[in-house]
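**Student:** Got target34.pdb for you, PDB, C-alpha atoms, pLDDT in the B column:
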```pdb
MODEL        1
ATOM      1  CA  MET A   1      87.200  95.799 198.598  1.00 36.00           C
ATOM      2  CA  ASN A   2      85.460  97.305 201.547  1.00 37.00           C
ATOM      3  CA  ALA A   3      86.406 100.849 202.562  1.00 35.00           C
ATOM      4  CA  ILE A   4      87.298  99.621 206.039  1.00 37.00           C
ATOM      5  CA  LEU A   5      90.272  97.787 204.555  1.00 37.00           C
ATOM      6  CA  ARG A   6      91.652 100.977 203.028  1.00 39.00           C
ATOM      7  CA  SER A   7      91.975 102.865 206.312  1.00 41.00           C
ATOM      8  CA  PRO A   8      95.446 104.178 207.113  1.00 45.00           C
ATOM      9  CA  PRO A   9      97.613 101.765 209.143  1.00 47.00           C
ATOM     10  CA  GLY A  10      97.262 102.084 212.896  1.00 50.00           C
ATOM     11  CA  GLN A  11      93.976 104.005 212.693  1.00 51.00           C
ATOM     12  CA  CYS A  12      90.745 102.940 214.349  1.00 52.00           C
ATOM     13  CA  SER A  13      88.474 101.533 211.680  1.00 50.00           C
ATOM     14  CA  ALA A  14      85.114 101.081 213.446  1.00 47.00           C
ATOM     15  CA  HIS A  15      83.185 100.848 216.696  1.00 45.00           C
ATOM     16  CA  TRP A  16      81.805  97.609 218.118  1.00 43.00           C
ATOM     17  CA  SER A  17      78.270  98.690 217.304  1.00 37.00           C
ATOM     18  CA  ASP A  18      79.170  99.155 213.643  1.00 37.00           C
ATOM     19  CA  ARG A  19      79.975  95.485 213.080  1.00 44.00           C
ATOM     20  CA  GLN A  20      77.693  92.569 212.365  1.00 83.00           C
ATOM     21  CA  LYS A  21      77.061  90.091 215.161  1.00 89.00           C
ATOM     22  CA  LEU A  22      79.258  87.365 213.720  1.00 92.00           C
ATOM     23  CA  GLU A  23      82.134  89.777 213.251  1.00 91.00           C
ATOM     24  CA  ALA A  24      81.687  91.202 216.760  1.00 89.00           C
ATOM     25  CA  LEU A  25      81.660  87.678 218.198  1.00 92.00           C
ATOM     26  CA  SER A  26      84.831  86.838 216.221  1.00 92.00           C
ATOM     27  CA  ILE A  27      86.609  89.882 217.596  1.00 90.00           C
ATOM     28  CA  SER A  28      85.465  89.177 221.147  1.00 90.00           C
ATOM     29  CA  LEU A  29      86.784  85.625 220.905  1.00 93.00           C
ATOM     30  CA  LEU A  30      90.062  86.852 219.426  1.00 91.00           C
ATOM     31  CA  ARG A  31      90.509  89.321 222.273  1.00 90.00           C
ATOM     32  CA  LEU A  32      89.619  86.765 224.930  1.00 92.00           C
ATOM     33  CA  TRP A  33      92.066  84.295 223.403  1.00 92.00           C
ATOM     34  CA  ALA A  34      94.796  86.916 223.375  1.00 89.00           C
ATOM     35  CA  ASP A  35      94.032  87.734 227.027  1.00 89.00           C
ATOM     36  CA  GLY A  36      95.785  84.547 228.100  1.00 91.00           C
ATOM     37  CA  GLN A  37      94.599  81.590 230.133  1.00 96.00           C
ATOM     38  CA  ALA A  38      91.883  83.503 232.018  1.00 94.00           C
ATOM     39  CA  GLY A  39      90.393  84.866 228.796  1.00 94.00           C
ATOM     40  CA  ARG A  40      90.530  81.453 227.146  1.00 95.00           C
ATOM     41  CA  ALA A  41      88.743  79.923 230.124  1.00 96.00           C
ATOM     42  CA  ARG A  42      85.981  82.572 229.912  1.00 95.00           C
ATOM     43  CA  MET A  43      85.662  81.986 226.173  1.00 95.00           C
ATOM     44  CA  THR A  44      85.452  78.217 226.612  1.00 96.00           C
ATOM     45  CA  ALA A  45      82.881  78.475 229.409  1.00 95.00           C
ATOM     46  CA  GLU A  46      80.649  80.744 227.317  1.00 93.00           C
ATOM     47  CA  ILE A  47      80.808  78.446 224.291  1.00 95.00           C
ATOM     48  CA  TYR A  48      80.191  75.315 226.387  1.00 95.00           C
ATOM     49  CA  GLU A  49      77.229  76.979 228.094  1.00 92.00           C
ATOM     50  CA  THR A  50      75.694  77.855 224.742  1.00 92.00           C
ATOM     51  CA  ILE A  51      76.112  74.635 222.768  1.00 92.00           C
ATOM     52  CA  GLY A  52      77.245  72.041 225.280  1.00 93.00           C
ATOM     53  CA  PRO A  53      80.663  70.654 226.115  1.00 95.00           C
ATOM     54  CA  GLN A  54      80.976  68.168 223.250  1.00 95.00           C
ATOM     55  CA  ARG A  55      80.264  70.618 220.409  1.00 94.00           C
ATOM     56  CA  GLY A  56      81.912  73.386 222.395  1.00 96.00           C
ATOM     57  CA  HIS A  57      85.143  71.408 222.669  1.00 97.00           C
ATOM     58  CA  ARG A  58      85.170  70.961 218.888  1.00 96.00           C
ATOM     59  CA  ILE A  59      84.768  74.710 218.326  1.00 96.00           C
ATOM     60  CA  VAL A  60      87.460  75.638 220.846  1.00 97.00           C
ATOM     61  CA  THR A  61      89.823  73.091 219.263  1.00 97.00           C
ATOM     62  CA  LEU A  62      89.147  74.486 215.767  1.00 96.00           C
ATOM     63  CA  TRP A  63      89.674  78.011 217.101  1.00 96.00           C
ATOM     64  CA  ALA A  64      93.021  77.034 218.632  1.00 96.00           C
ATOM     65  CA  GLU A  65      94.168  75.455 215.357  1.00 95.00           C
ATOM     66  CA  PHE A  66      93.022  78.484 213.365  1.00 94.00           C
ATOM     67  CA  ILE A  67      94.777  80.973 215.661  1.00 92.00           C
ATOM     68  CA  GLU A  68      97.951  78.876 215.665  1.00 92.00           C
ATOM     69  CA  ILE A  69      98.134  78.701 211.863  1.00 91.00           C
ATOM     70  CA  TYR A  70      97.111  82.335 211.464  1.00 89.00           C
ATOM     71  CA  GLY A  71      99.776  83.393 213.959  1.00 86.00           C
ATOM     72  CA  LEU A  72     102.533  81.239 212.490  1.00 88.00           C
ATOM     73  CA  TYR A  73     101.976  82.135 208.863  1.00 86.00           C
ATOM     74  CA  GLN A  74     100.626  85.677 208.849  1.00 79.00           C
ATOM     75  CA  GLN A  75     102.701  88.161 206.947  1.00 70.00           C
ATOM     76  CA  ASP A  76     102.218  91.141 209.253  1.00 66.00           C
ATOM     77  CA  PRO A  77     101.641  90.095 212.886  1.00 59.00           C
ATOM     78  CA  SER A  78      99.714  92.404 215.194  1.00 62.00           C
ATOM     79  CA  ALA A  79      98.151  92.261 218.631  1.00 57.00           C
ATOM     80  CA  PRO A  80      94.407  92.637 219.248  1.00 60.00           C
ATOM     81  CA  HIS A  81      92.980  95.323 221.517  1.00 55.00           C
ATOM     82  CA  ALA A  82      91.884  94.535 225.064  1.00 58.00           C
ATOM     83  CA  ILE A  83      88.456  92.891 225.412  1.00 59.00           C
ATOM     84  CA  TYR A  84      86.875  95.974 227.013  1.00 59.00           C
ATOM     85  CA  GLU A  85      87.922  98.482 224.340  1.00 63.00           C
ATOM     86  CA  ASP A  86      85.229  99.811 222.016  1.00 68.00           C
ATOM     87  CA  TYR A  87      87.510 100.398 219.057  1.00 72.00           C
ATOM     88  CA  LEU A  88      88.660  97.910 216.465  1.00 77.00           C
ATOM     89  CA  SER A  89      92.021  97.816 214.800  1.00 80.00           C
ATOM     90  CA  ILE A  90      92.134  97.334 211.066  1.00 81.00           C
ATOM     91  CA  ASP A  91      93.662  93.888 211.641  1.00 83.00           C
ATOM     92  CA  GLU A  92      90.777  92.886 213.932  1.00 84.00           C
ATOM     93  CA  ALA A  93      88.215  94.088 211.396  1.00 84.00           C
ATOM     94  CA  TYR A  94      90.017  92.193 208.658  1.00 87.00           C
ATOM     95  CA  PHE A  95      90.134  89.036 210.789  1.00 89.00           C
ATOM     96  CA  ALA A  96      86.396  89.258 211.512  1.00 91.00           C
ATOM     97  CA  GLN A  97      85.504  89.926 207.880  1.00 92.00           C
ATOM     98  CA  PHE A  98      87.541  86.911 206.823  1.00 93.00           C
ATOM     99  CA  LEU A  99      85.601  84.602 209.169  1.00 94.00           C
ATOM    100  CA  ALA A 100      82.259  86.115 208.145  1.00 92.00           C
ATOM    101  CA  ILE A 101      82.964  85.787 204.421  1.00 92.00           C
ATOM    102  CA  ALA A 102      84.144  82.201 204.863  1.00 94.00           C
ATOM    103  CA  ALA A 103      80.980  81.392 206.837  1.00 92.00           C
ATOM    104  CA  GLU A 104      78.806  82.868 204.101  1.00 88.00           C
ATOM    105  CA  GLY A 105      80.258  80.350 201.663  1.00 89.00           C
ATOM    106  CA  ASP A 106      82.069  82.821 199.432  1.00 89.00           C
ATOM    107  CA  ARG A 107      85.133  80.601 199.097  1.00 92.00           C
ATOM    108  CA  GLU A 108      86.863  82.646 196.399  1.00 94.00           C
ATOM    109  CA  GLU A 109      86.580  85.870 198.401  1.00 94.00           C
ATOM    110  CA  ALA A 110      87.744  84.050 201.548  1.00 95.00           C
ATOM    111  CA  LEU A 111      90.743  82.680 199.638  1.00 95.00           C
ATOM    112  CA  LEU A 112      91.606  86.213 198.504  1.00 94.00           C
ATOM    113  CA  PHE A 113      91.415  87.448 202.089  1.00 92.00           C
ATOM    114  CA  ALA A 114      93.687  84.607 203.228  1.00 93.00           C
ATOM    115  CA  MET A 115      96.168  85.188 200.383  1.00 93.00           C
ATOM    116  CA  SER A 116      96.615  88.783 201.483  1.00 90.00           C
ATOM    117  CA  ARG A 117      97.356  87.793 205.100  1.00 88.00           C
ATOM    118  CA  VAL A 118      99.265  84.505 205.187  1.00 89.00           C
ATOM    119  CA  ARG A 119     101.895  82.609 203.271  1.00 91.00           C
ATOM    120  CA  PRO A 120     100.604  80.795 200.176  1.00 92.00           C
ATOM    121  CA  ASP A 121     101.166  77.325 201.633  1.00 93.00           C
ATOM    122  CA  ALA A 122      98.746  78.086 204.506  1.00 94.00           C
ATOM    123  CA  VAL A 123      95.910  79.659 202.477  1.00 95.00           C
ATOM    124  CA  LEU A 124      93.780  76.569 201.837  1.00 96.00           C
ATOM    125  CA  VAL A 125      94.105  75.176 205.351  1.00 95.00           C
ATOM    126  CA  LEU A 126      93.338  78.544 206.927  1.00 96.00           C
ATOM    127  CA  THR A 127      90.328  79.149 204.658  1.00 97.00           C
ATOM    128  CA  ASN A 128      88.919  75.711 205.474  1.00 97.00           C
ATOM    129  CA  LEU A 129      89.293  76.342 209.193  1.00 96.00           C
ATOM    130  CA  ALA A 130      87.765  79.825 208.805  1.00 96.00           C
ATOM    131  CA  THR A 131      84.712  78.297 207.133  1.00 96.00           C
ATOM    132  CA  GLN A 132      84.241  75.735 209.904  1.00 96.00           C
ATOM    133  CA  ILE A 133      84.711  78.328 212.646  1.00 96.00           C
ATOM    134  CA  GLY A 134      82.502  80.891 210.949  1.00 94.00           C
ATOM    135  CA  LEU A 135      79.680  78.363 210.630  1.00 94.00           C
ATOM    136  CA  SER A 136      80.157  77.342 214.263  1.00 94.00           C
ATOM    137  CA  LEU A 137      79.919  80.969 215.358  1.00 93.00           C
ATOM    138  CA  LYS A 138      76.734  81.335 213.309  1.00 91.00           C
ATOM    139  CA  GLN A 139      75.394  78.307 215.171  1.00 92.00           C
ATOM    140  CA  ILE A 140      76.194  79.949 218.520  1.00 93.00           C
ATOM    141  CA  LEU A 141      74.389  83.121 217.443  1.00 90.00           C
ATOM    142  CA  LEU A 142      71.360  81.148 216.218  1.00 89.00           C
ATOM    143  CA  ILE A 143      71.093  79.248 219.499  1.00 91.00           C
ATOM    144  CA  ARG A 144      71.402  82.453 221.501  1.00 88.00           C
ATOM    145  CA  SER A 145      68.730  84.079 219.366  1.00 84.00           C
ATOM    146  CA  ALA A 146      66.347  81.092 219.575  1.00 87.00           C
ATOM    147  CA  THR A 147      66.669  80.901 223.352  1.00 84.00           C
ATOM    148  CA  ASN A 148      66.432  84.698 223.761  1.00 77.00           C
ATOM    149  CA  ARG A 149      69.717  84.699 225.647  1.00 72.00           C
ATOM    150  CA  PRO A 150      72.002  87.587 224.820  1.00 65.00           C
ATOM    151  CA  LEU A 151      75.720  87.029 224.648  1.00 61.00           C
ATOM    152  CA  SER A 152      77.410  87.626 227.961  1.00 59.00           C
ATOM    153  CA  GLN A 153      79.532  90.689 228.581  1.00 50.00           C
ATOM    154  CA  ASN A 154      82.542  88.487 227.836  1.00 48.00           C
ATOM    155  CA  LEU A 155      81.355  88.075 224.257  1.00 55.00           C
ATOM    156  CA  HIS A 156      79.692  91.446 223.632  1.00 50.00           C
TER     157      HIS A 156
ENDMDL
END
```
What is this file in structure tokens?
**Tutor:**
Amino acid sequence: MNAILRSPPGQCSAHWSDRQKLEALSISLLRLWADGQAGRARMTAEIYETIGPQRGHRIVTLWAEFIEIYGLYQQDPSAPHAIYEDYLSIDEAYFAQFLAIAAEGDREEALLFAMSRVRPDAVLVLTNLATQIGLSLKQILLIRSATNRPLSQNLH
């Protein structure tokens, strides 16, 4: 496993700039979602602006399902940092790595990540959702790159 996963509990594991774009986007979305209704509205607006309301709605719906299942069945709940903070918690880094690995198509590794975080009966559903969300986030990054539009400050 990655050294970042072996950091002592409660310690900062990385800076924003140390993470890949997909992982940074995942963490930004997680933090916006955790910021309540205002953060969710900013997240939704950014996604809709990038890929349109129809595809955007699908991604936001998948995200909501993923967060709900992750929250209900995780073994060790934790809260994300505020959106403006530069540091990542180990849990945030783990969350982002899970989505990135699932998006890369490494199903076995993604299943292992899920098994270490959630109850066994939620592993397959969560991994499937992680794959769909990860691929959707890759799509957002590709569109932003092709149109030479950087992510807004909301989404680092």
**Student:** Pull the neighbourhood of (78.8, 84.5, 215.1) for me: all residues within 6 Å in file coordinates, counting all atoms listed in the file, as a ChimeraX atom specification.
**Tutor:** /A:21-22,25,137-138,141
**Student:** Could you please determine the separation between atom CA of Asp106 of chain A and atom CA of Arg55 of chain A in Å, to one decimal place?
**Tutor:**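 The value is 24.3 Å.
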**Student:** As a check of understanding, name the residues that the PyMOL selection byres ((chain A and resi 112-128) around 8) selects in the supplied structure, as a ChimeraX atom specification.
**Tutor:** /A:66,69-70,73-76,98,102,107-111,129-132
**Student:** Name the closest residue to Ala93 of chain A among the candidates A:Asp35, A:Tyr48, A:Gln20, A:Gly105; distances are taken between atoms, counting all atoms listed in the file.
**Tutor:** A:Gln20
**Student:** I need the residue nearest Arg31 of chain A from this list: A:Thr61, A:Ser89, A:Ser145, A:Thr50. Use only C-alpha atoms for the distance.
**Tutor:** A:Ser89
**Student:** When the PyMOL selection byres ((chain A and resi 23) around 10) is applied to the file above, which residues end up in the set, as a list in words?
**Tutor:**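 Taken over the shown coordinates, the PyMOL selection byres ((chain A and resi 23) around 10) returns Trp16, Asp18, Arg19, Gln20, Lys21, Leu22, Ala24, Leu25, Ser26, Ile27, Ser28, Leu29, Glu92, Ala93, Tyr94, Phe95, Ala96, Gln97, Phe98, Leu99, Ala100, Ile101, Gly134 and Leu137 of chain A.
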**Student:** Centre and edge lengths, as lines of an AutoDock Vina configuration file, for the axis-aligned box enclosing every listed atom of segment 130-142 of chain A with 5 Å of padding on each of the six sides, in Å to one decimal?
**Tutor:**
```
center_x = 79.6
center_y = 79.4
center_z = 212.8
size_x = 26.4
size_y = 17.4
size_z = 21.4
```
**Student:** In Å, how far is it from atom CA of Ile133 of chain A to atom CA of Leu30 of chain A?
**Tutor:**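 So the two atoms, atom CA of Ile133 of chain A and atom CA of Leu30 of chain A, lie 12.1 Å apart.
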**Student:** Give the answer as one residue: which of A:Thr44, A:Thr147, A:Leu135, A:Ala38 has the shortest atom-to-atom distance to Ala64 of chain A, using all atoms listed in the file?
**Tutor:**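 Ranked by minimum distance to Ala64 of chain A, first place goes to A:Thr44.
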**Student:** Have a look at atom CA of Arg42 of chain A and atom CA of Glu104 of chain A and let me know their distance in Å, one decimal.
**Tutor:**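 Atom-to-atom, atom CA of Arg42 of chain A and atom CA of Glu104 of chain A are spaced 26.8 Å apart.
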**Student:** Find the residue from A:Gly71, A:Trp33, A:Ser136, A:Leu88 that sits nearest to Gly56 of chain A; use only C-alpha atoms when measuring.
**Tutor:**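 Going through A:Gly71, A:Trp33, A:Ser136, A:Leu88 one by one, the smallest distance to Gly56 of chain A is for A:Ser136.
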